[in-house]
Structures are given as C-alpha cells and as structure tokens.
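Source file: coords-v8.cif (mmCIF, C-alpha atoms and all ligand atoms)
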data_entry
#
loop_
_atom_site.group_PDB
_atom_site.id
_atom_site.type_symbol
_atom_site.label_atom_id
_atom_site.label_comp_id
_atom_site.auth_asym_id
_atom_site.auth_seq_id
_atom_site.Cartn_x
_atom_site.Cartn_y
_atom_site.Cartn_z
ATOM 1 C CA MET Y 1 93.685 33.419 -34.604
ATOM 2 C CA PRO Y 2 96.425 31.359 -36.246
ATOM 3 C CA GLU Y 3 98.860 33.451 -38.307
ATOM 4 C CA LEU Y 4 102.012 32.535 -40.228
ATOM 5 C CA PRO Y 5 103.992 31.126 -37.242
ATOM 6 C CA GLU Y 6 101.075 29.004 -36.037
ATOM 7 C CA VAL Y 7 100.287 27.547 -39.475
ATOM 8 C CA GLU Y 8 104.005 27.020 -40.155
ATOM 9 C CA THR Y 9 104.278 25.054 -36.897
ATOM 10 C CA ILE Y 10 101.278 22.893 -37.772
ATOM 11 C CA LYS Y 11 102.787 22.214 -41.212
ATOM 12 C CA ASN Y 12 106.192 21.337 -39.733
ATOM 13 C CA GLU Y 13 104.741 19.021 -37.112
ATOM 14 C CA LEU Y 14 102.327 17.238 -39.472
ATOM 15 C CA TYR Y 15 104.797 16.881 -42.310
ATOM 16 C CA GLY Y 16 106.620 13.665 -41.414
ATOM 17 C CA ASN Y 17 103.367 12.037 -40.288
ATOM 18 C CA VAL Y 18 101.244 12.667 -43.360
ATOM 19 C CA VAL Y 19 103.378 13.233 -46.463
ATOM 20 C CA GLY Y 20 103.595 9.971 -48.425
ATOM 21 C CA ARG Y 21 100.480 8.542 -46.771
ATOM 22 C CA HIS Y 22 97.212 7.740 -48.537
ATOM 23 C CA ILE Y 23 93.897 9.099 -47.286
ATOM 24 C CA THR Y 24 91.790 5.968 -46.887
ATOM 25 C CA SER Y 25 88.662 7.350 -45.213
ATOM 26 C CA ILE Y 26 86.853 10.639 -44.667
ATOM 27 C CA THR Y 27 84.272 11.280 -41.999
ATOM 28 C CA ILE Y 28 82.413 14.555 -42.254
ATOM 29 C CA ASP Y 29 80.741 15.254 -38.911
ATOM 30 C CA ASP Y 30 79.951 18.821 -39.910
ATOM 31 C CA PRO Y 31 79.728 19.822 -43.590
ATOM 32 C CA LYS Y 32 79.994 23.559 -42.857
ATOM 33 C CA PRO Y 33 83.777 23.965 -43.417
ATOM 34 C CA VAL Y 34 83.728 21.991 -46.683
ATOM 35 C CA GLN Y 35 83.384 24.386 -49.621
ATOM 36 C CA ASN Y 36 82.827 21.727 -52.306
ATOM 37 C CA PRO Y 37 79.713 19.601 -52.830
ATOM 38 C CA LEU Y 38 80.232 16.788 -50.317
ATOM 39 C CA ASP Y 39 80.198 13.897 -52.803
ATOM 40 C CA GLU Y 40 82.679 15.690 -55.054
ATOM 41 C CA PHE Y 41 84.906 16.402 -52.048
ATOM 42 C CA THR Y 42 84.820 12.842 -50.761
ATOM 43 C CA ARG Y 43 85.460 11.396 -54.234
ATOM 44 C CA GLY Y 44 88.332 13.799 -54.861
ATOM 45 C CA VAL Y 45 90.132 13.072 -51.591
ATOM 46 C CA SER Y 46 89.479 9.346 -50.979
ATOM 47 C CA GLY Y 47 92.333 7.045 -51.873
ATOM 48 C CA GLN Y 48 94.679 9.892 -52.765
ATOM 49 C CA LYS Y 49 98.275 10.040 -51.661
ATOM 50 C CA ILE Y 50 99.443 13.203 -49.900
ATOM 51 C CA GLU Y 51 102.405 14.091 -52.088
ATOM 52 C CA GLU Y 52 103.365 17.368 -50.480
ATOM 53 C CA LEU Y 53 102.366 19.656 -47.623
ATOM 54 C CA TYR Y 54 103.216 23.317 -47.503
ATOM 55 C CA ARG Y 55 102.065 26.641 -46.121
ATOM 56 C CA ARG Y 56 101.207 29.761 -48.087
ATOM 57 C CA GLY Y 57 100.226 32.777 -45.982
ATOM 58 C CA LYS Y 58 97.824 31.393 -43.394
ATOM 59 C CA TYR Y 59 96.772 28.487 -45.633
ATOM 60 C CA LEU Y 60 97.783 24.877 -45.126
ATOM 61 C CA ILE Y 61 97.996 23.130 -48.510
ATOM 62 C CA PHE Y 62 98.079 19.374 -49.150
ATOM 63 C CA LYS Y 63 99.028 18.415 -52.698
ATOM 64 C CA LEU Y 64 97.334 15.154 -53.634
ATOM 65 C CA SER Y 65 98.341 12.513 -56.175
ATOM 66 C CA ASN Y 66 95.384 13.406 -58.439
ATOM 67 C CA LYS Y 67 96.962 16.901 -58.811
ATOM 68 C CA LYS Y 68 94.276 18.462 -56.650
ATOM 69 C CA TYR Y 69 95.021 20.662 -53.662
ATOM 70 C CA LEU Y 70 93.327 20.269 -50.313
ATOM 71 C CA ILE Y 71 93.406 23.720 -48.773
ATOM 72 C CA ILE Y 72 92.672 24.404 -45.104
ATOM 73 C CA HIS Y 73 92.237 27.868 -43.600
ATOM 74 C CA LEU Y 74 91.882 27.786 -39.825
ATOM 75 C CA ARG Y 75 90.357 31.267 -39.466
ATOM 76 C CA MET Y 76 89.577 31.882 -35.760
ATOM 77 C CA THR Y 77 89.542 28.598 -33.869
ATOM 78 C CA GLY Y 78 90.399 25.877 -36.381
ATOM 79 C CA ALA Y 79 93.077 23.282 -35.626
ATOM 80 C CA VAL Y 80 94.448 20.165 -37.268
ATOM 81 C CA LEU Y 81 95.132 17.464 -34.711
ATOM 82 C CA PHE Y 82 97.079 14.275 -35.292
ATOM 83 C CA ASN Y 83 95.735 11.206 -33.473
ATOM 84 C CA PRO Y 84 93.907 13.182 -30.784
ATOM 85 C CA GLY Y 85 92.729 9.924 -29.214
ATOM 86 C CA LYS Y 86 89.228 10.751 -28.171
ATOM 87 C CA VAL Y 87 87.594 12.761 -30.966
ATOM 88 C CA GLY Y 88 86.207 15.845 -29.249
ATOM 89 C CA LYS Y 89 82.891 17.549 -29.885
ATOM 90 C CA TYR Y 90 84.473 20.175 -32.118
ATOM 91 C CA ALA Y 91 85.796 17.603 -34.619
ATOM 92 C CA ARG Y 92 84.380 18.510 -38.041
ATOM 93 C CA VAL Y 93 86.242 16.414 -40.607
ATOM 94 C CA ILE Y 94 88.332 13.307 -39.912
ATOM 95 C CA PHE Y 95 90.864 11.997 -42.425
ATOM 96 C CA GLY Y 96 91.885 8.383 -41.892
ATOM 97 C CA LEU Y 97 95.341 7.462 -43.205
ATOM 98 C CA ASP Y 98 96.638 4.144 -44.546
ATOM 99 C CA ASP Y 99 98.745 3.548 -41.430
ATOM 100 C CA ASP Y 100 95.657 3.822 -39.200
ATOM 101 C CA ASN Y 101 96.567 7.285 -37.998
ATOM 102 C CA GLU Y 102 94.043 10.094 -38.094
ATOM 103 C CA MET Y 103 94.196 13.745 -38.968
ATOM 104 C CA VAL Y 104 91.283 15.649 -37.460
ATOM 105 C CA PHE Y 105 90.094 19.131 -38.376
ATOM 106 C CA THR Y 106 88.481 20.677 -35.298
ATOM 107 C CA ASP Y 107 86.864 24.082 -35.031
ATOM 108 C CA ARG Y 108 84.930 25.485 -32.094
ATOM 109 C CA ARG Y 109 83.488 28.543 -33.857
ATOM 110 C CA ARG Y 110 82.992 26.842 -37.242
ATOM 111 C CA LEU Y 111 84.559 29.613 -39.321
ATOM 112 C CA GLY Y 112 87.381 27.544 -40.791
ATOM 113 C CA ILE Y 113 87.384 26.482 -44.417
ATOM 114 C CA ILE Y 114 88.367 23.302 -46.281
ATOM 115 C CA ARG Y 115 88.422 23.360 -50.064
ATOM 116 C CA LEU Y 116 89.532 20.914 -52.742
ATOM 117 C CA THR Y 117 90.707 22.555 -55.945
ATOM 118 C CA ASP Y 118 92.901 21.942 -58.966
ATOM 119 C CA ASN Y 119 93.444 25.658 -59.395
ATOM 120 C CA ILE Y 120 96.069 26.930 -56.975
ATOM 121 C CA ALA Y 121 96.638 30.062 -59.074
ATOM 122 C CA ASP Y 122 93.456 31.671 -57.720
ATOM 123 C CA LEU Y 123 94.826 31.473 -54.189
ATOM 124 C CA GLU Y 124 98.218 32.709 -55.330
ATOM 125 C CA LYS Y 125 96.576 35.832 -56.813
ATOM 126 C CA LYS Y 126 95.178 36.775 -53.405
ATOM 127 C CA LEU Y 127 98.505 36.588 -51.589
ATOM 128 C CA GLY Y 128 101.534 38.858 -51.373
ATOM 129 C CA PRO Y 129 105.114 37.655 -50.836
ATOM 130 C CA GLU Y 130 106.105 35.258 -48.075
ATOM 131 C CA PRO Y 131 107.865 37.404 -45.452
ATOM 132 C CA LEU Y 132 110.369 34.693 -44.467
ATOM 133 C CA GLU Y 133 111.468 33.961 -48.022
ATOM 134 C CA SER Y 134 114.080 35.703 -50.131
ATOM 135 C CA VAL Y 135 111.403 37.304 -52.335
ATOM 136 C CA PHE Y 136 110.672 39.649 -49.417
ATOM 137 C CA THR Y 137 113.203 42.471 -49.181
ATOM 138 C CA PRO Y 138 113.125 46.037 -47.794
ATOM 139 C CA ALA Y 139 112.712 47.322 -51.360
ATOM 140 C CA VAL Y 140 109.752 44.988 -51.976
ATOM 141 C CA LEU Y 141 108.118 46.144 -48.750
ATOM 142 C CA ALA Y 142 108.714 49.822 -49.617
ATOM 143 C CA LYS Y 143 107.116 49.357 -53.026
ATOM 144 C CA ARG Y 144 104.074 47.652 -51.535
ATOM 145 C CA LEU Y 145 103.538 50.431 -48.969
ATOM 146 C CA GLN Y 146 104.110 53.281 -51.400
ATOM 147 C CA GLY Y 147 101.335 55.842 -51.771
ATOM 148 C CA ARG Y 148 98.883 54.086 -49.477
ATOM 149 C CA LYS Y 149 96.601 56.299 -47.412
ATOM 150 C CA ALA Y 150 95.395 53.614 -44.994
ATOM 151 C CA PRO Y 151 96.934 53.260 -41.514
ATOM 152 C CA ILE Y 152 99.991 50.993 -41.504
ATOM 153 C CA LYS Y 153 98.317 48.516 -39.143
ATOM 154 C CA ALA Y 154 95.496 47.918 -41.645
ATOM 155 C CA VAL Y 155 97.912 47.576 -44.568
ATOM 156 C CA LEU Y 156 100.006 44.986 -42.715
ATOM 157 C CA LEU Y 157 96.881 42.859 -42.280
ATOM 158 C CA ASP Y 158 96.134 42.935 -46.020
ATOM 159 C CA GLN Y 159 97.186 39.470 -47.249
ATOM 160 C CA LYS Y 160 97.797 40.866 -50.730
ATOM 161 C CA VAL Y 161 100.521 43.111 -49.312
ATOM 162 C CA ILE Y 162 102.332 40.505 -47.194
ATOM 163 C CA ALA Y 163 101.092 36.939 -46.748
ATOM 164 C CA GLY Y 164 100.640 35.508 -43.278
ATOM 165 C CA VAL Y 165 100.899 38.557 -40.992
ATOM 166 C CA GLY Y 166 97.846 38.947 -38.765
ATOM 167 C CA ASN Y 167 96.744 40.991 -35.799
ATOM 168 C CA MET Y 168 99.215 39.768 -33.166
ATOM 169 C CA TYR Y 169 102.394 39.906 -35.209
ATOM 170 C CA ALA Y 170 101.486 43.219 -36.859
ATOM 171 C CA ASP Y 171 101.247 44.779 -33.375
ATOM 172 C CA GLU Y 172 104.533 43.218 -32.297
ATOM 173 C CA ALA Y 173 106.330 44.340 -35.469
ATOM 174 C CA LEU Y 174 105.034 47.921 -35.179
ATOM 175 C CA PHE Y 175 106.140 48.088 -31.547
ATOM 176 C CA ALA Y 176 109.593 46.719 -32.385
ATOM 177 C CA SER Y 177 109.989 49.306 -35.159
ATOM 178 C CA LYS Y 178 108.553 52.179 -33.018
ATOM 179 C CA ILE Y 179 105.818 52.988 -35.520
ATOM 180 C CA HIS Y 180 102.323 54.051 -34.403
ATOM 181 C CA PRO Y 181 99.661 51.733 -35.891
ATOM 182 C CA LEU Y 182 97.650 54.715 -37.156
ATOM 183 C CA ARG Y 183 100.505 56.268 -39.142
ATOM 184 C CA GLU Y 184 99.581 56.894 -42.761
ATOM 185 C CA THR Y 185 101.349 54.116 -44.641
ATOM 186 C CA GLY Y 186 102.556 56.154 -47.608
ATOM 187 C CA LYS Y 187 104.193 58.680 -45.282
ATOM 188 C CA LEU Y 188 106.601 56.272 -43.604
ATOM 189 C CA ASN Y 189 110.178 57.177 -44.460
ATOM 190 C CA LYS Y 190 112.857 54.840 -45.743
ATOM 191 C CA ARG Y 191 114.458 54.387 -42.304
ATOM 192 C CA GLU Y 192 111.130 53.476 -40.745
ATOM 193 C CA ILE Y 193 110.361 50.990 -43.522
ATOM 194 C CA GLY Y 194 113.799 49.433 -42.996
ATOM 195 C CA ARG Y 195 113.079 49.044 -39.286
ATOM 196 C CA LEU Y 196 109.623 47.640 -40.013
ATOM 197 C CA TYR Y 197 111.072 45.117 -42.453
ATOM 198 C CA ASP Y 198 113.603 43.891 -39.875
ATOM 199 C CA ALA Y 199 110.889 43.734 -37.216
ATOM 200 C CA ILE Y 200 108.443 41.711 -39.344
ATOM 201 C CA VAL Y 201 111.123 39.149 -40.169
ATOM 202 C CA SER Y 202 112.515 38.827 -36.645
ATOM 203 C CA VAL Y 203 109.126 38.753 -34.897
ATOM 204 C CA LEU Y 204 107.884 35.991 -37.222
ATOM 205 C CA LYS Y 205 111.110 33.975 -36.989
ATOM 206 C CA GLU Y 206 111.096 34.087 -33.215
ATOM 207 C CA ALA Y 207 107.438 33.030 -33.108
ATOM 208 C CA VAL Y 208 108.095 30.075 -35.425
ATOM 209 C CA ALA Y 209 111.000 29.028 -33.173
ATOM 210 C CA ASN Y 210 108.569 29.153 -30.236
ATOM 211 C CA LYS Y 211 105.932 27.087 -32.093
ATOM 212 C CA GLY Y 212 103.321 29.839 -32.326
ATOM 213 C CA ALA Y 213 101.286 31.758 -29.776
ATOM 214 C CA SER Y 214 98.526 30.169 -27.730
ATOM 215 C CA VAL Y 215 96.743 33.310 -26.546
ATOM 216 C CA ASP Y 216 93.450 31.817 -27.625
ATOM 217 C CA THR Y 217 92.578 28.289 -28.743
ATOM 218 C CA TYR Y 218 95.585 27.606 -30.968
ATOM 219 C CA GLN Y 219 97.103 24.175 -30.473
ATOM 220 C CA ARG Y 220 99.740 22.148 -32.256
ATOM 221 C CA PRO Y 221 98.838 18.825 -33.933
ATOM 222 C CA ASP Y 222 99.695 16.917 -30.741
ATOM 223 C CA GLY Y 223 97.483 19.238 -28.683
ATOM 224 C CA ALA Y 224 100.414 21.096 -27.092
ATOM 225 C CA LYS Y 225 100.458 24.877 -26.879
ATOM 226 C CA GLY Y 226 102.993 27.221 -28.434
ATOM 227 C CA THR Y 227 104.964 29.636 -26.263
ATOM 228 C CA ALA Y 228 105.467 32.622 -28.598
ATOM 229 C CA HIS Y 229 102.941 34.702 -26.617
ATOM 230 C CA GLU Y 230 105.232 34.537 -23.577
ATOM 231 C CA ASN Y 231 107.550 36.899 -25.458
ATOM 232 C CA PHE Y 232 104.871 39.346 -26.590
ATOM 233 C CA LYS Y 233 105.797 42.911 -25.724
ATOM 234 C CA VAL Y 234 102.449 44.568 -26.485
ATOM 235 C CA ALA Y 235 100.043 42.122 -28.171
ATOM 236 C CA HIS Y 236 97.333 41.171 -25.668
ATOM 237 C CA GLN Y 237 99.277 43.033 -22.940
ATOM 238 C CA ARG Y 238 96.886 45.902 -22.166
ATOM 239 C CA GLY Y 239 97.874 47.613 -18.922
ATOM 240 C CA ALA Y 240 101.243 45.870 -18.765
ATOM 241 C CA LYS Y 241 104.489 47.786 -18.454
ATOM 242 C CA CYS Y 242 106.222 48.622 -21.718
ATOM 243 C CA PRO Y 243 109.506 46.660 -21.636
ATOM 244 C CA ARG Y 244 111.278 49.542 -23.388
ATOM 245 C CA CYS Y 245 110.168 52.702 -21.558
ATOM 246 C CA GLY Y 246 108.193 51.459 -18.555
ATOM 247 C CA GLY Y 247 105.031 53.202 -19.816
ATOM 248 C CA LYS Y 248 101.679 51.518 -20.078
ATOM 249 C CA VAL Y 249 100.609 49.321 -23.009
ATOM 250 C CA GLU Y 250 97.287 50.518 -24.419
ATOM 251 C CA ARG Y 251 94.625 49.030 -26.647
ATOM 252 C CA ILE Y 252 93.010 51.007 -29.438
ATOM 253 C CA VAL Y 253 90.834 49.961 -32.361
ATOM 254 C CA VAL Y 254 92.172 50.363 -35.901
ATOM 255 C CA ARG Y 255 89.680 49.616 -38.689
ATOM 256 C CA GLY Y 256 87.737 47.345 -36.363
ATOM 257 C CA ARG Y 257 90.734 45.414 -35.073
ATOM 258 C CA GLY Y 258 91.944 45.514 -31.472
ATOM 259 C CA THR Y 259 95.458 46.961 -31.570
ATOM 260 C CA TYR Y 260 98.052 47.090 -28.806
ATOM 261 C CA LEU Y 261 100.807 49.667 -28.576
ATOM 262 C CA CYS Y 262 102.976 51.780 -26.295
ATOM 263 C CA PRO Y 263 101.948 55.366 -27.085
ATOM 264 C CA LYS Y 264 105.254 56.674 -25.634
ATOM 265 C CA CYS Y 265 107.451 54.505 -27.844
ATOM 266 C CA GLN Y 266 105.174 54.670 -30.877
ATOM 267 C CA LYS Y 267 104.426 58.333 -31.503
ATOM 268 C CA ILE Y 268 101.809 59.290 -34.031
HETATM 269 ZN ZN ZN A 1 107.213 52.214 -24.364
#
Let me see whether you can do it: turn the structure in this file into structure tokens.
Amino acid sequence: MPELPEVETIKNELYGNVVGRHITSITIDDPKPVQNPLDEFTRGVSGQKIEELYRRGKYLIFKLSNKKYLIIHLRMTGAVLFNPGKVGKYARVIFGLDDDNEMVFTDRRRLGIIRLTDNIADLEKKLGPEPLESVFTPAVLAKRLQGRKAPIKAVLLDQKVIAGVGNMYADEALFASKIHPLRETGKLNKREIGRLYDAIVSVLKEAVANKGASVDTYQRPDGAKGTAHENFKVAHQRGAKCPRCGGKVERIVVRGRGTYLCPKCQKI
C-alpha cells in the first residue's frame, strides 16, 4: 500500500510532465473511484490547467485553474501512470493532456479514490503534521503521543497524529528505535520518543531517496519499481535474520494490522 515515500515519488516524477498542462479529455472506464457525480466531475476537470501538484499525507493533490482540487488516494493498489502505452485492464480514469500525453489512474482492487473539491480544509482537518517538514519536531511528536493508551504501532498509523506513515514504515521506524509495537504509547519515555522521531524521519527520507517500496503492486509513473524494500530490516521479512542481533524477525497482529518486529531488539 503506497505510503508517504511512494506518493512523494509519484508526485516528484509526474510534476514536470503535468504541471502547466491543460486537461483536454477525460475517459472514465470505471466510475467506482470517482466520488463526485460523473457529469459534475467531468465538467469540473475538463479544460482546466494543472497549476500545482503536491502531496499531503498519502494524498496526491492537483490544484486546477478553476480553484478546485483533484485529490487522488491510491489506497491499496492504485497507481498513476504517465503514458503507459497500452492501457491495461486495470485503467479506471484516463486524463488526456494538451500535449497529447496521458495520465492514467489504474487500480487492480478498485479501492482507490478520486475526488474533485473546492474545499481543501476538510482534508487538512483529517491530517497531522508532515513528518519531513519543519513543523514536525521531537516536541510535536511527544505532545501528540502524550496520554494515549493505544499501542504505539496503532497510533503511528493514525493519519491525524502524523500524516503519511503507514504499515511498512511504522514497522521500520519502531525497529530502528528499538520500541515494541505493542508498547502503550503514553508510557514511552522522552529518550524513546527522541529515538522514534529520528527513526521516522530517517526511514522516510531513505525510502524517498530509493523511490518507494515495491513489495506489492506499487509502481512509479513510468511503470518502474522502487527499491526501498531492499533495505527493509523487518517489514515483510518474517523468518529473516535480524540485522542487529541475528535473531528471527517475527510477525504479529496489532489492531488487525500485520506487524513485523525483532522481539529480542524490541522488548515489550
Ligand atoms: Zn534483533
């Protein structure tokens, strides 16, 4: 499932190809991802210039010249491909651009979402700070974790606490900071929170540098894979040797989510 580094990579690699272009055609092969009435959506997007493209949390946001925002959330298997050539069977919505290039939203499991809105504040309300921006500091993290009874793994996945961290990078950050995923969040001490802060930032930065992790269906706009998963220490590594202590990486379930850890390095 695409998280911050994957969506950031897609944004970076689309940027120069789509910002400044007009959307001249829309083909909706599958209406399921589109959250607006289809005629309203088509009317609101057709002919508009893409003035800006940015990422917020796991959302990809296109700012259009009519002051509306085209928001894409990839969920499990969504992707945004640029000129894929042959349009595959999972293509759902195709945006034609004024230079004859195409941007294609594909989604095998059909859980992704596309929404056109003029109200970006509603999305903003649902999202915590961006972990790779200066608004995110150890003190901000400490404040957001304070007093929480839930296990730290679950809290890290809450997009209102920190935007963009998902299952893979939460596991990697907890391993790097030697914190057990089931630890009660409010009981982490200041040193542990400091380590966790450093780990979140460095794990995400490294993954962005490696263009995201292709453990599942994630692909970049040109169809290439990312390589961040090649550096994973615990995520999706059940049974592998812990690179720190030589013990065995295990998988547990925390609040319904598969969670990887080294129980020797991450004591409860
Ligand atoms: Zn270990």
Give me the residues near Gly16 of chain Y as a PyMOL selection string, where near means some atom within 12 Å (using all atoms listed in the file) and where sequence neighbours in that chain fewer than 4 positions away do not count. chain Y and resi 10-12+20-21+50-54+82+221
Gap from atom CA of Glu230 of chain Y to atom CA of Ala199 of chain Y - Å, one decimal: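 Atom CA of Ala199 of chain Y lies at a distance of 17.4 Å from atom CA of Glu230 of chain Y.
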Nearest residue to Gln266 of chain Y from the set Y:Ser177, Y:Asn210, Y:Ser65, Y:Gln219 (distances using all atoms listed in the file):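 Checking each candidate against Gln266 of chain Y, we get Y:Ser177 as the closest.
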Residues within 7 Å of ligand ZN 1 (chain A) (all atoms listed in the file), as a list in words?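 The residues near ligand ZN 1 (chain A) are Cys242, Pro243, Arg244, Cys245, Gly246, Gly247, Cys262, Pro263, Lys264 and Cys265 of chain Y.
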Given the file above and the PyMOL selection byres (((chain Y and resi 113-121) around 10) and not hetatm), which residues are selected, and can you give them as a PyMOL selection string? chain Y and resi 31-37+40-42+44-45+59-64+66-75+78+93+105+107+110-112+122-126
Going by the chain IDs and residue numbers used in this file, which residues fall under the PyMOL selection byres (((chain Y and resi 261) around 9) and not hetatm)? Write them as a PyMOL selection string. chain Y and resi 171-172+174-175+180-181+233-235+237-238+242+248-252+259-260+262-266
Pick from Y:His22, Y:Lys267, Y:Arg56, Y:Arg220: nearest to Ala79 of chain Y, with only C-alpha atoms counted?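 Going through Y:His22, Y:Lys267, Y:Arg56, Y:Arg220 one by one, the smallest distance to Ala79 of chain Y is for Y:Arg220.
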Using all atoms listed in the file, which residue out of Y:Gly258, Y:Pro2, Y:Gly212, Y:Gly239 lies closest to Met76 of chain Y?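 That would be Y:Pro2, the residue with the smallest distance to Met76 of chain Y.
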Take the PyMOL selection byres (((chain Y and resi 185) around 8) and not hetatm), run it mentally on this structure, and tell me the resulting residues as a PyMOL selection string. chain Y and resi 145-152+155+183-184+186-188
Selection to disk with C-alpha atoms, as a PDB file, keeping the file's coordinate frame:
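Written output follows (result04.pdb):
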ATOM      1  CA  LEU Y 145     103.538  50.431 -48.969  1.00  0.00           C
ATOM      2  CA  GLN Y 146     104.110  53.281 -51.400  1.00  0.00           C
ATOM      3  CA  GLY Y 147     101.335  55.842 -51.771  1.00  0.00           C
ATOM      4  CA  ARG Y 148      98.883  54.086 -49.477  1.00  0.00           C
ATOM      5  CA  LYS Y 149      96.601  56.299 -47.412  1.00  0.00           C
ATOM      6  CA  ALA Y 150      95.395  53.614 -44.994  1.00  0.00           C
ATOM      7  CA  PRO Y 151      96.934  53.260 -41.514  1.00  0.00           C
ATOM      8  CA  ILE Y 152      99.991  50.993 -41.504  1.00  0.00           C
ATOM      9  CA  VAL Y 155      97.912  47.576 -44.568  1.00  0.00           C
ATOM     10  CA  ARG Y 183     100.505  56.268 -39.142  1.00  0.00           C
ATOM     11  CA  GLU Y 184      99.581  56.894 -42.761  1.00  0.00           C
ATOM     12  CA  GLY Y 186     102.556  56.154 -47.608  1.00  0.00           C
ATOM     13  CA  LYS Y 187     104.193  58.680 -45.282  1.00  0.00           C
ATOM     14  CA  LEU Y 188     106.601  56.272 -43.604  1.00  0.00           C
TER      15      LEU Y 188
END
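For the set Y:Ala91, Y:Leu4, Y:Val104, Y:Ala213, the residue with the smallest atom-to-atom gap to Leu157 of chain Y is Y:Leu4, counting all atoms listed in the file.
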I'd like to know which of Y:Ile94, Y:Leu196, Y:Ala228, Y:Ala163 is closest to Ala209 of chain Y, using only C-alpha atoms.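 Looking only at the distances to Ala209 of chain Y, the closest residue turns out to be Y:Ala228.
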Name the closest residue to Val203 of chain Y among the candidates Y:Ala173, Y:Ala142, Y:Val19, Y:Leu38; distances are taken between atoms, counting only C-alpha atoms.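 Of all the options, Y:Ala173 lies closest to Val203 of chain Y.
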What is the distance between atom CA of Arg109 of chain Y and atom CA of Glu8 of chain Y, in Å to one decimal? 21.5 Å
